[in-house]
Structures are given as C-alpha cells and as structure tokens.
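Colleague: For reference, the file entry05.txt (compact mmCIF, C-alpha atoms) is included below:
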# COMPACT_ATOMS: atom_id res chain seq x y z
CA MET A 100 23.19 -48.66 -82.71
CA ARG A 101 20.26 -46.40 -83.36
CA GLU A 102 20.98 -42.69 -82.86
CA ASP A 103 17.55 -41.99 -81.36
CA ALA A 104 18.22 -44.53 -78.59
CA ILE A 105 21.08 -42.42 -77.22
CA LEU A 106 20.03 -39.93 -74.45
CA THR A 107 21.81 -37.02 -72.90
CA PRO A 108 22.19 -36.71 -69.09
CA SER A 109 19.62 -33.91 -69.01
CA GLN A 110 17.15 -36.07 -70.95
CA VAL A 111 17.60 -38.87 -68.46
CA GLY A 112 17.08 -36.44 -65.66
CA GLN A 113 13.94 -35.03 -67.23
CA TYR A 114 12.59 -38.53 -67.85
CA LEU A 115 13.18 -39.58 -64.26
CA LYS A 116 11.63 -36.33 -63.06
CA SER A 117 8.50 -36.85 -65.12
CA MET A 118 8.18 -40.41 -63.86
CA MET A 119 8.58 -39.37 -60.23
CA ASP A 120 6.20 -36.43 -60.63
CA ARG A 121 3.51 -38.80 -61.90
CA ASP A 122 3.98 -41.14 -58.91
CA ARG A 123 1.22 -40.35 -56.44
CA LEU A 124 3.21 -41.75 -53.52
CA LEU A 125 6.18 -39.52 -54.21
CA SER A 126 3.97 -36.48 -54.81
CA GLY A 127 2.47 -36.45 -51.34
CA LEU A 128 5.10 -37.89 -49.08
CA LEU A 129 5.58 -37.76 -45.28
CA VAL A 130 9.13 -38.49 -44.13
CA ARG A 131 10.32 -38.85 -40.54
CA GLY A 132 13.96 -38.18 -39.81
CA GLU A 133 16.63 -36.23 -37.99
CA LEU A 134 17.63 -32.78 -39.21
CA SER A 135 21.24 -32.48 -40.33
CA ASN A 136 23.31 -29.80 -42.11
CA TYR A 137 20.48 -27.28 -41.70
CA LYS A 138 21.25 -23.98 -43.45
CA MET A 139 19.19 -20.92 -44.25
CA TYR A 140 20.45 -18.83 -47.15
CA PRO A 141 20.01 -15.06 -47.67
CA SER A 142 17.51 -15.87 -50.42
CA GLY A 143 15.18 -17.23 -47.73
CA HIS A 144 15.45 -20.86 -48.91
CA HIS A 145 16.22 -23.56 -46.34
CA TYR A 146 18.46 -26.54 -47.18
CA PHE A 147 18.92 -29.57 -44.94
CA THR A 148 19.22 -33.35 -44.84
CA LEU A 149 16.84 -35.84 -43.27
CA LYS A 150 18.60 -38.94 -42.05
CA ASP A 151 18.03 -42.09 -40.08
CA GLY A 152 20.43 -44.86 -39.09
CA GLU A 153 20.83 -46.22 -42.61
CA GLY A 154 20.21 -43.48 -45.12
CA ALA A 155 19.87 -39.76 -45.89
CA LEU A 156 17.56 -37.60 -48.00
CA ARG A 157 18.47 -34.18 -49.31
CA CYS A 158 15.70 -31.59 -48.80
CA VAL A 159 14.92 -28.02 -49.69
CA MET A 160 12.19 -25.71 -48.40
CA PHE A 161 11.63 -22.66 -50.54
CA ARG A 162 11.15 -19.19 -49.10
CA GLY A 163 7.38 -19.10 -49.50
CA ASP A 164 6.92 -22.32 -47.52
CA ALA A 165 9.62 -21.43 -44.97
CA GLN A 166 7.80 -18.25 -43.98
CA SER A 167 5.05 -20.38 -42.46
CA LEU A 168 7.44 -22.02 -39.99
CA ARG A 169 6.45 -21.27 -36.39
CA PHE A 170 9.59 -22.73 -34.83
CA ARG A 171 13.32 -22.54 -35.47
CA PRO A 172 14.65 -25.83 -36.91
CA GLN A 173 17.91 -27.07 -35.38
CA ASN A 174 20.31 -29.88 -36.20
CA GLY A 175 19.52 -33.08 -34.33
CA MET A 176 15.81 -32.32 -34.08
CA GLN A 177 13.38 -35.12 -35.00
CA VAL A 178 10.84 -33.84 -37.50
CA ILE A 179 8.20 -34.98 -39.97
CA ALA A 180 8.54 -33.39 -43.40
CA ALA A 181 5.66 -33.20 -45.88
CA GLY A 182 6.31 -32.66 -49.58
CA ARG A 183 7.29 -34.37 -52.82
CA VAL A 184 10.39 -36.19 -54.02
CA THR A 185 11.72 -35.58 -57.52
CA VAL A 186 14.94 -35.23 -59.51
CA PHE A 187 16.79 -31.99 -60.01
CA PRO A 188 17.84 -32.43 -63.66
CA ARG A 189 20.86 -30.14 -63.47
CA ASP A 190 22.86 -32.41 -61.19
CA GLY A 191 20.80 -35.59 -61.49
CA GLN A 192 20.25 -35.81 -57.74
CA TYR A 193 16.87 -36.57 -56.30
CA GLN A 194 15.71 -34.49 -53.35
CA MET A 195 12.62 -33.68 -51.37
CA TYR A 196 10.82 -30.38 -51.77
CA CYS A 197 9.28 -29.73 -48.33
CA ALA A 198 6.05 -27.80 -47.99
CA ARG A 199 5.65 -28.29 -44.21
CA LEU A 200 7.95 -29.21 -41.35
CA THR A 201 6.62 -30.34 -37.98
CA PRO A 202 8.61 -31.30 -34.88
CA GLU A 203 7.89 -34.88 -33.87
CA GLY A 204 6.32 -35.47 -30.47
CA VAL A 205 5.30 -31.82 -29.95
CA GLY A 206 3.35 -29.33 -32.00
CA ASP A 207 5.20 -26.73 -33.98
CA LEU A 208 3.41 -23.93 -32.11
CA ALA A 209 4.37 -25.34 -28.72
CA LEU A 210 7.98 -25.70 -29.81
CA ALA A 211 8.04 -22.22 -31.31
CA PHE A 212 6.61 -20.87 -28.04
CA GLU A 213 9.35 -22.50 -25.96
CA GLN A 214 12.11 -21.42 -28.33
CA LEU A 215 11.02 -17.79 -28.39
CA LYS A 216 10.46 -17.79 -24.64
CA GLU A 217 13.99 -19.09 -24.06
CA LYS A 218 15.48 -16.56 -26.48
CA LEU A 219 13.75 -13.52 -24.99
CA ALA A 220 14.50 -14.66 -21.45
CA ARG A 221 18.22 -14.74 -22.28
CA GLU A 222 17.98 -11.21 -23.66
CA GLY A 223 16.36 -9.97 -20.44
CA LEU A 224 12.90 -9.09 -21.77
CA PHE A 225 11.30 -10.84 -18.79
CA ASP A 226 13.50 -9.13 -16.19
CA PRO A 227 11.35 -7.97 -13.22
CA GLY A 228 13.60 -4.93 -12.80
CA HIS A 229 12.41 -3.60 -16.17
CA LYS A 230 8.72 -3.74 -15.29
CA LYS A 231 7.00 -0.43 -14.61
CA GLU A 232 4.57 0.33 -11.81
CA ILE A 233 0.88 0.39 -12.71
CA PRO A 234 -0.64 3.82 -11.81
CA ALA A 235 -3.00 3.69 -8.84
CA PHE A 236 -5.49 6.19 -10.33
CA PRO A 237 -5.09 6.25 -14.13
CA ARG A 238 -6.74 9.20 -15.81
CA LYS A 239 -6.63 7.71 -19.32
CA ILE A 240 -6.68 4.03 -20.33
CA ALA A 241 -6.16 2.78 -23.89
CA LEU A 242 -7.50 -0.65 -24.89
CA ILE A 243 -5.55 -2.17 -27.80
CA THR A 244 -7.83 -4.96 -28.97
CA SER A 245 -10.52 -5.90 -31.43
CA PRO A 246 -13.42 -3.41 -31.31
CA ALA A 247 -15.93 -6.12 -32.19
CA GLY A 248 -15.13 -8.72 -29.53
CA ALA A 249 -16.89 -9.38 -26.25
CA ALA A 250 -13.64 -8.70 -24.39
CA VAL A 251 -13.64 -4.98 -25.17
CA ARG A 252 -17.27 -4.60 -24.08
CA ASP A 253 -16.56 -6.36 -20.79
CA MET A 254 -13.55 -4.13 -20.10
CA ILE A 255 -15.46 -0.91 -20.87
CA ARG A 256 -18.36 -2.01 -18.67
CA ILE A 257 -16.17 -2.94 -15.70
CA LEU A 258 -14.04 0.20 -15.99
CA GLY A 259 -17.18 2.34 -15.99
CA ILE A 260 -18.47 0.65 -12.84
CA ARG A 261 -15.21 0.61 -10.89
CA TRP A 262 -13.69 3.98 -11.77
CA PRO A 263 -15.77 6.23 -14.06
CA LEU A 264 -13.25 9.07 -13.63
CA SER A 265 -10.90 7.38 -16.14
CA LYS A 266 -11.29 8.15 -19.83
CA VAL A 267 -11.22 4.97 -21.91
CA TYR A 268 -9.94 4.89 -25.50
CA VAL A 269 -10.20 1.91 -27.84
CA ILE A 270 -7.42 1.49 -30.41
CA PRO A 271 -8.83 -1.07 -32.89
CA VAL A 272 -6.56 -3.84 -34.15
CA ARG A 273 -6.94 -7.35 -35.48
CA VAL A 274 -6.09 -9.94 -32.83
CA GLN A 275 -6.04 -13.01 -35.07
CA GLY A 276 -4.52 -13.83 -38.43
CA ALA A 277 -1.29 -13.07 -40.25
CA GLU A 278 -1.72 -9.28 -40.06
CA ALA A 279 -2.57 -9.21 -36.36
CA PRO A 280 0.98 -9.17 -34.87
CA GLY A 281 2.06 -6.20 -36.97
CA GLU A 282 -1.09 -4.23 -36.17
CA ILE A 283 -0.83 -4.90 -32.43
CA ALA A 284 2.85 -3.92 -32.31
CA ALA A 285 2.24 -0.76 -34.36
CA ALA A 286 -0.68 0.29 -32.15
CA ILE A 287 1.39 -0.19 -28.99
CA ARG A 288 4.25 1.90 -30.37
CA TRP A 289 1.88 4.60 -31.64
CA ALA A 290 0.02 4.93 -28.32
CA ASP A 291 3.28 5.04 -26.38
CA ALA A 292 4.96 7.61 -28.64
CA ARG A 293 1.97 10.00 -28.44
CA ARG A 294 1.30 9.44 -24.73
CA VAL A 295 -2.30 8.63 -25.51
CA ALA A 296 -2.94 7.21 -22.03
CA ASP A 297 -1.44 6.62 -18.60
CA LEU A 298 -1.99 2.88 -19.00
CA LEU A 299 -2.25 0.47 -21.95
CA ILE A 300 -4.18 -2.82 -21.95
CA THR A 301 -3.71 -5.23 -24.84
CA GLY A 302 -5.32 -8.61 -25.28
CA ARG A 303 -8.33 -10.55 -26.47
CA GLY A 304 -10.80 -13.20 -25.35
CA GLY A 305 -10.14 -16.92 -25.18
CA GLY A 306 -9.44 -19.30 -28.02
CA SER A 307 -7.11 -22.03 -29.21
CA MET A 308 -3.36 -21.64 -29.25
CA GLU A 309 -3.57 -20.77 -32.93
CA ASP A 310 -6.17 -18.08 -32.19
CA LEU A 311 -3.95 -16.50 -29.51
CA TRP A 312 -0.74 -16.82 -31.50
CA ALA A 313 -0.52 -13.14 -32.42
CA PHE A 314 0.48 -12.44 -28.80
CA ASN A 315 3.28 -15.02 -29.06
CA GLU A 316 5.04 -13.23 -31.90
CA GLU A 317 8.43 -11.63 -31.30
CA ILE A 318 7.38 -8.31 -32.86
CA VAL A 319 4.64 -7.88 -30.25
CA ALA A 320 6.94 -8.87 -27.38
CA ARG A 321 9.56 -6.30 -28.38
CA ALA A 322 6.96 -3.57 -28.82
CA ILE A 323 5.70 -4.21 -25.28
CA TYR A 324 9.26 -4.21 -23.90
CA ASP A 325 10.15 -0.91 -25.59
CA THR A 326 7.15 1.05 -24.26
CA GLN A 327 7.56 3.74 -21.61
CA THR A 328 3.86 3.57 -20.76
CA PRO A 329 2.86 0.83 -18.28
CA ILE A 330 1.07 -2.01 -20.08
CA ILE A 331 -1.13 -4.90 -18.94
CA SER A 332 -1.40 -8.11 -20.98
CA ALA A 333 -4.86 -9.72 -20.89
CA VAL A 334 -5.01 -12.65 -23.31
CA GLY A 335 -7.49 -15.50 -23.20
CA HIS A 336 -8.60 -17.28 -20.04
CA GLU A 337 -6.82 -18.15 -16.79
CA PRO A 338 -4.83 -21.17 -18.13
CA ASP A 339 -3.72 -19.35 -21.29
CA VAL A 340 -0.17 -17.99 -21.12
CA THR A 341 1.47 -16.05 -23.94
CA ILE A 342 4.84 -14.42 -24.53
CA ALA A 343 3.13 -11.04 -24.11
CA ASP A 344 2.22 -12.03 -20.54
CA PHE A 345 5.90 -12.54 -19.66
CA VAL A 346 7.03 -9.21 -21.15
CA ALA A 347 4.19 -6.97 -19.96
CA ASP A 348 4.41 -5.01 -16.72
CA LEU A 349 1.43 -6.94 -15.35
CA ARG A 350 -0.37 -10.09 -16.48
CA ALA A 351 -4.14 -10.37 -16.11
CA SER A 352 -5.82 -13.74 -16.30
CA THR A 353 -8.66 -12.38 -18.47
CA PRO A 354 -9.61 -9.04 -20.06
CA SER A 355 -12.18 -8.54 -17.30
CA ASN A 356 -9.47 -9.13 -14.71
CA ALA A 357 -7.30 -6.53 -16.46
CA ALA A 358 -10.06 -3.93 -15.98
CA GLU A 359 -10.18 -4.83 -12.28
CA LEU A 360 -6.40 -4.66 -11.84
CA SER A 361 -6.02 -1.35 -13.67
CA THR A 362 -8.40 0.74 -11.56
CA PRO A 363 -9.48 1.10 -7.93
CA ASP A 364 -13.05 0.35 -6.88
CA GLN A 365 -14.91 3.61 -6.33
CA ASN A 366 -17.07 2.00 -3.63
CA GLU A 367 -13.99 0.95 -1.67
CA ILE A 368 -12.46 4.42 -2.04
CA TYR A 369 -15.70 6.04 -0.88
CA ALA A 370 -15.91 3.75 2.15
CA ALA A 371 -12.28 4.50 3.02
CA LEU A 372 -12.91 8.25 2.77
CA LEU A 373 -15.94 7.96 5.05
CA GLY A 374 -13.84 6.08 7.59
CA ASP A 375 -11.13 8.74 7.44
CA ARG A 376 -13.74 11.46 7.90
CA GLU A 377 -15.18 9.76 10.97
CA ARG A 378 -11.73 9.34 12.52
CA LEU A 379 -10.92 12.98 11.77
CA ASP A 380 -14.19 14.16 13.35
CA ARG A 381 -13.48 12.14 16.50
CA ALA A 382 -9.94 13.48 16.73
CA ILE A 383 -11.11 17.10 16.33
CA SER A 384 -13.89 16.66 18.93
CA LEU A 385 -11.44 15.16 21.41
CA ARG A 386 -8.98 17.97 20.81
CA LEU A 387 -11.66 20.63 21.30
CA ALA A 388 -12.84 18.96 24.52
CA ARG A 389 -9.33 18.99 25.97
CA CYS A 390 -8.83 22.63 24.99
CA ARG A 391 -12.19 23.50 26.55
CA GLN A 392 -11.15 21.84 29.82
CA VAL A 393 -7.91 23.81 29.89
CA LEU A 394 -9.76 27.04 29.10
CA ASP A 395 -12.33 26.40 31.88
CA ARG A 396 -9.56 25.71 34.37
CA LEU A 397 -7.74 28.91 33.43
CA ALA A 398 -10.94 30.94 33.48
CA GLY A 399 -11.63 29.80 37.09
CA SER A 400 -8.13 30.57 38.36
CA ARG A 401 -7.63 33.44 40.84
CA PRO A 402 -5.55 35.64 38.49
CA MET A 403 -8.47 35.59 36.04
CA THR A 404 -11.25 36.12 38.61
CA GLU A 405 -9.31 38.60 40.86
CA PRO A 406 -6.56 40.18 38.74
CA ALA A 407 -5.70 42.80 41.41
CA SER A 408 -5.01 40.18 44.06
CA TYR A 409 -2.06 38.87 42.06
CA PHE A 410 -0.38 42.32 42.18
CA ARG A 411 -1.18 42.78 45.85
CA GLU A 412 0.49 39.50 46.70
CA LYS A 413 3.55 40.48 44.71
CA ARG A 414 3.73 43.85 46.53
CA LEU A 415 3.54 42.11 49.92
CA LEU A 416 6.29 39.74 48.83
CA LEU A 417 8.41 42.73 47.78
CA ASP A 418 7.88 44.39 51.17
CA TYR A 419 8.79 41.20 52.93
CA GLN A 420 11.98 40.82 50.94
CA SER A 421 12.91 44.48 51.60
CA SER A 422 12.44 43.94 55.32
CA ARG A 423 14.58 40.80 55.27
CA LEU A 424 17.29 42.65 53.37
CA ALA A 425 17.44 45.50 55.89
CA HIS A 426 17.40 43.08 58.82
CA GLY A 427 20.20 41.12 57.22
CA LEU A 428 22.27 44.26 56.79
CA ARG A 429 21.87 45.18 60.47
CA ASN A 430 22.76 41.72 61.65
CA SER A 431 25.76 41.68 59.35
CA ALA A 432 27.05 45.01 60.74
CA SER A 433 26.55 43.83 64.35
CA GLY A 434 28.39 40.60 63.66
CA GLN A 435 31.28 42.46 62.12
CA ARG A 436 31.55 44.64 65.23
CA GLU A 437 31.67 41.62 67.52
CA ARG A 438 34.34 39.92 65.43
CA LEU A 439 36.41 43.10 65.36
CA GLY A 440 36.11 43.45 69.15
CA LYS A 441 37.36 39.95 69.71
CA LEU A 442 40.18 40.51 67.29
CA ALA A 443 41.14 43.77 68.99
CA SER A 444 41.31 42.20 72.46
CA ALA A 445 43.66 39.54 71.16
CA LEU A 446 46.06 42.02 69.51
CA PRO A 447 48.77 44.21 71.09
CA ARG A 448 47.89 47.76 72.15
CA SER A 449 49.06 49.35 68.93
CA GLY A 450 47.07 46.88 66.96
CA ALA A 451 44.02 47.43 69.22
CA MET A 452 44.27 51.15 68.55
CA ALA A 453 44.15 50.59 64.81
CA ILE A 454 41.22 48.25 65.16
CA ARG A 455 39.37 50.73 67.40
CA GLN A 456 39.82 53.41 64.78
CA ARG A 457 38.52 51.08 62.12
CA ARG A 458 35.56 50.16 64.35
CA GLU A 459 34.71 53.81 64.84
CA ARG A 460 34.93 54.29 61.11
CA LEU A 461 32.66 51.30 60.56
CA ASN A 462 30.17 52.59 63.13
CA ALA A 463 30.10 55.95 61.43
CA LEU A 464 29.45 54.33 58.07
CA ALA A 465 26.78 52.06 59.52
CA ALA A 466 25.07 55.08 61.11
CA SER A 467 25.14 56.89 57.80
CA LEU A 468 23.72 53.83 56.02
CA ASP A 469 21.05 53.43 58.71
CA ALA A 470 20.07 57.06 58.36
CA LEU A 471 19.59 56.62 54.65
CA SER A 472 17.48 53.46 55.04
CA PRO A 473 13.84 53.87 54.01
CA LEU A 474 12.86 51.78 57.03
CA LYS A 475 14.49 54.35 59.32
CA VAL A 476 12.42 57.09 57.75
CA LEU A 477 9.29 55.01 58.12
CA GLY A 478 10.16 54.44 61.76
CA ARG A 479 9.89 58.18 62.38
CA GLY A 480 6.25 58.20 61.29
CA TYR A 481 6.60 58.73 57.59
CA ALA A 482 4.93 56.57 54.88
CA ILE A 483 5.60 55.76 51.21
CA ALA A 484 2.58 56.29 48.94
CA GLN A 485 2.41 54.11 45.80
CA ARG A 486 -0.02 54.05 42.92
CA ALA A 487 -1.69 50.84 41.75
CA ASP A 488 1.07 50.35 39.15
CA GLY A 489 3.75 50.46 41.91
CA ARG A 490 5.13 53.93 41.15
CA ALA A 491 5.83 56.17 44.18
CA VAL A 492 3.66 59.32 44.58
CA VAL A 493 5.95 62.33 44.82
CA SER A 494 3.44 65.08 44.01
CA ALA A 495 -0.23 65.75 44.65
CA GLY A 496 -0.63 66.06 40.91
CA ASP A 497 0.25 62.38 40.52
CA VAL A 498 -3.16 61.30 41.91
CA ALA A 499 -6.81 62.01 41.26
CA PRO A 500 -9.99 61.40 43.31
CA ASP A 501 -10.94 57.74 43.70
CA ASP A 502 -7.40 56.55 42.90
CA LEU A 503 -6.30 53.58 44.96
CA LEU A 504 -3.04 54.05 46.87
CA LYS A 505 -0.93 51.80 48.99
CA LEU A 506 0.77 53.35 52.05
CA THR A 507 3.82 51.44 53.24
CA LEU A 508 4.51 52.00 56.98
CA ALA A 509 7.25 50.75 59.25
CA ASP A 510 5.34 47.65 60.29
CA GLY A 511 3.03 46.97 57.31
CA SER A 512 0.94 48.63 54.63
CA VAL A 513 -2.50 50.28 54.28
CA ASP A 514 -4.71 50.44 51.16
CA CYS A 515 -6.30 53.91 50.74
CA ARG A 516 -8.59 55.76 48.35
CA VAL A 517 -8.04 59.42 47.42
CA LEU A 518 -10.99 61.66 48.41
Now, as a test, write the supplied structure out as structure tokens.
Modeller:
Amino acid sequence: MREDAILTPSQVGQYLKSMMDRDRLLSGLLVRGELSNYKMYPSGHHYFTLKDGEGALRCVMFRGDAQSLRFRPQNGMQVIAAGRVTVFPRDGQYQMYCARLTPEGVGDLALAFEQLKEKLAREGLFDPGHKKEIPAFPRKIALITSPAGAAVRDMIRILGIRWPLSKVYVIPVRVQGAEAPGEIAAAIRWADARRVADLLITGRGGGSMEDLWAFNEEIVARAIYDTQTPIISAVGHEPDVTIADFVADLRASTPSNAAELSTPDQNEIYAALLGDRERLDRAISLRLARCRQVLDRLAGSRPMTEPASYFREKRLLLDYQSSRLAHGLRNSASGQRERLGKLASALPRSGAMAIRQRRERLNALAASLDALSPLKVLGRGYAIAQRADGRAVVSAGDVAPDDLLKLTLADGSVDCRVL
C-alpha cells in the first residue's frame, strides 16, 4: 500500500469542500423547507435545520447576513433559503451557509410588519388610553422629515395658509435607507426632550413598502410611544399603513392631511368670530331696548312727574288712619260700658256696687284719655301746623316766608303758604 494514498479525515474533508465549492449548483442554491431547531446565539449567528418529509439539512446564517432579516424566524415556518452548501472540515458534516431567508407565500417585509405589529400590540403601544390630545391652536409645530422632499413643502404651504400664527420648524432627517430609523427616532426624542414645539409631525411622501420601511422599525415606534409631546404620523398615501401610524396620537392619510388636521382654518375661525359678534350685537341692542322701555315707563310715572303728590297722599292716608284709630277707641270704650252695665244688672247688689265703681273709674279714665286726644283739641278750633317734611311747627322760628305748611283740622286739612 502506497503511503501517499492514505488520507487523514481533515484531508478528506478539505477535498470534499473544494469539490463542493467548485460546483456551481451548490454555490448558488435555493432550498425550500420547514424551519426546525431554530436558535440564535449571543454571537449573532443563527443555527437551524431545514426539513421536509424525508430529509433534513443543517444550516447556519452568520451575523452579517442575519442583520438583514426583516422578520423573526420561528420553528414550523415554511421558508426559502438562499446560499451555498459545503462541508465543515472539522466535523465532516455538510451544511448550508444561508445568505438570505424569505418566508414562503408572503414577503419578508409583510411578515415582519405583522410580527412587530402583534408584538407591540401585546405590549400596549397601540392602547387608545395612552394617546394624547392634539392641541387646538398649536403655537409651534415641528416637522420631522426630509428637508428635500415634496412632502415638507406641501406641509409648510398648507400650514401657512390655514394658520399662519403657528411657527413651523423643520428637523431634517433621512426617511429612507438603513440610517433612517435611527435618525427619525433620535430627532423625535430630541424634540420632545427640549420641548421644541407643541406638536410634532413625522412622515414622508408615498413610495413602496421598502421605501416606507423606516416607519415600520421598532426603534421609531418606541420613540413615538415615549414622547410627551403630541405627535401625528403622516406616511405615504391613503392606503399606506405603517407601525408609526398605530403608535402615534393621530394618523394622517398624507403629509398634506397632517397639516390640515394639526391646525384650524383661519377663514373658518374668522367667520365664527363674525357670527359671534353679530349675535352679541343683537343681544346688546335687545337688552338696551328693554332697559329703555323700563326707563321710559318709570320716567312717566306720577312719583317722577309729581314727586310732592306722593307725600301728600301718604299724609292723607296717615290722617285717615289716625281718625280710624280714635273712632275705634271711642267705640271700644262705649262697648265696654254697655257690657259692664249688662253684667251689673245681672249681679247681686253688692256686686252691682263694685261694678258701678269700676264703671265710674273707667268713665273717668276715658274722659282723661279723650281730653288728651289731639282730635279733641282740634274740635275746639285748634289746628296742627306741619312742614313739608311732616315735622310739627312749634315755633314761629321754624318757618320762613313762602314755606308750604299743612294745617290739620278736626274734619280735614288745608295747604297754606307763609306770607
């Protein structure tokens, strides 16, 4: 046996590896199968097995290629792997080195979108209770978007037309490419931490799903969720929906629509103010007219046109009440006498004597009271002189020429003037 014909295991492995590496079919292979035993190691490398009903193929995807994965591979998932098959000389096992992994039947982007959407929904990032109210009259608005796109020009133009009182700031970021998600998230956090504006708008114009993918990244979704400043997501056209739309406080169908939703229309506000002013003018005019009617009615009343007549009527009423009071006192005394007389006639003699004495006493008191009555004095020809303010005149010094006096007599009163 020739010594040079004997090979070591590593030499066999290297030989098989070189043969397989030169095979064009094995160097650019597409394999369809079901994922099994999928593991991701701390090094960033992914190890798994592709299997069908009759066989299995060991696979590895190195860290550099795995970073391009848009979705999260799971056991049992049908995929198509692209790569090369060769031998690993150390253990003599052949395996597939995957460069790309695509879910079968659906695009990797669509699957990644659904997976991230489901994950964030479970964590509560789409909870309506977490969404903040958009300010009705924002004083400052920050646009986090590309400064060179048509979207930012449309937003600035519409904001200037609808509500020129708002100051608009543009925070430039890339909205497409590998660096875009990090820039968008950093700009959102920076604007929120420094309270740059009352309202943030982030988004871009339309494009393919790949073009809009920056707004489907988890880093952007979490930045939007963590902000204290209200934020509007405005990505693409009406049919386009991104993860940012679900997390944001308000979703706009387009960037132009975001400008419309973020501000009031100055023409509508002006028209509303004019309407309020007209209603206020009508209300004030009606109120003034009613007050004028009340004032005219009061101005034409007798107390306003003849102030003295009001006092004269009150004096007459006072005289009338005084007369009624005196008359009532007399009638009351007379009635008491009659009742006492009847009572005395019904009593024994001793009792009648006591009643007679009481009657005499009552008569004496009634006579004294009658003598003190002002009406009694007036009945003897005297009069009571009163000034216009109702005070009695007790001295000639209390009056002056041309003063008006009222003389109260026994049967009425007389108005006089001092000469």
Colleague: Hey, what's within 7 Å of A:Leu128 if we count all atoms listed in the file and toss same-chain stuff fewer than 4 positions away? As a PyMOL selection string, please?
Modeller: chain A and resi 124+181-183
Colleague: Name the closest residue to A:Asp488 among the candidates A:Leu504, A:Val186, A:Thr353, A:Gln214; distances are taken between atoms, counting all atoms listed in the file.
Modeller: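 Counting all atoms listed in the file, the residue closest to A:Asp488 is A:Leu504.
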Colleague: Find the spatial neighbours of A:Lys266, counting only C-alpha atoms, within a cut-off of 9 Å - ignore same-chain residues fewer than 2 positions away - and output them as a list in words.
Modeller: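 Counting only the stated atoms, we get Pro237, Arg238, Lys239, Ile240, Ala241, Pro263, Leu264, Tyr268 and Ala296 of chain A.
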Colleague: Produce a table with one row for each residue of stretch 199-275 of chain A that has an atom at most 8 Å from any atom of stretch 301-319 of chain A, each row naming the nearest atom pair and its distance in Å at one decimal; use all atoms listed in the file; arrange rows by chain and rising residue number; format as a tab-separated table.
Modeller:
residue	atom	partner	partner_atom	distance
A:Leu208	CA	A:Met308	CA	7.7
A:Phe212	CA	A:Asn315	CA	6.8
A:Leu215	CA	A:Glu317	CA	7.3
A:Leu242	CA	A:Thr301	CA	5.9
A:Ile243	CA	A:Thr301	CA	4.6
A:Thr244	CA	A:Gly302	CA	5.8
A:Ser245	CA	A:Arg303	CA	7.1
A:Gly248	CA	A:Gly304	CA	7.5
A:Ala249	CA	A:Gly304	CA	7.2
A:Ala250	CA	A:Gly304	CA	5.4
A:Val251	CA	A:Arg303	CA	7.8
A:Val274	CA	A:Ala313	CA	6.4
A:Gln275	CA	A:Asp310	CA	5.8
Colleague: Do you have the atom CA of A:Val130-atom CA of A:Val159 distance handy?
Modeller: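 It comes out at 13.2 Å.
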Colleague: Let me make sure I understand: among A:Thr341, A:Gln194, A:Thr326, A:Asn136, which one has the smallest atom-to-atom distance to A:Ala211 if we use only C-alpha atoms?
Modeller: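 Once distances to A:Ala211 are computed over only C-alpha atoms, the minimum belongs to A:Thr341.
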Colleague: What does the distance between atom CA of A:Leu125 and atom CA of A:Val184 come to in Å, to one decimal place?
Modeller: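 Those two atoms sit 5.4 Å apart.
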Colleague: Box in all listed atoms of stretch 289-294 of chain A, axis-aligned, with 6 Å more on each side; write out centre and edge lengths in Å to one decimal as lines of an AutoDock Vina configuration file.
Modeller:
center_x = 2.5
center_y = 7.3
center_z = -28.2
size_x = 16.9
size_y = 17.4
size_z = 18.9
Colleague: Can you pull out every residue within 8 Å of A:Ala482, counting only C-alpha atoms, but drop anything in the same chain fewer than 6 positions away, and send it as a ChimeraX atom specification?
Modeller: /A:506-509
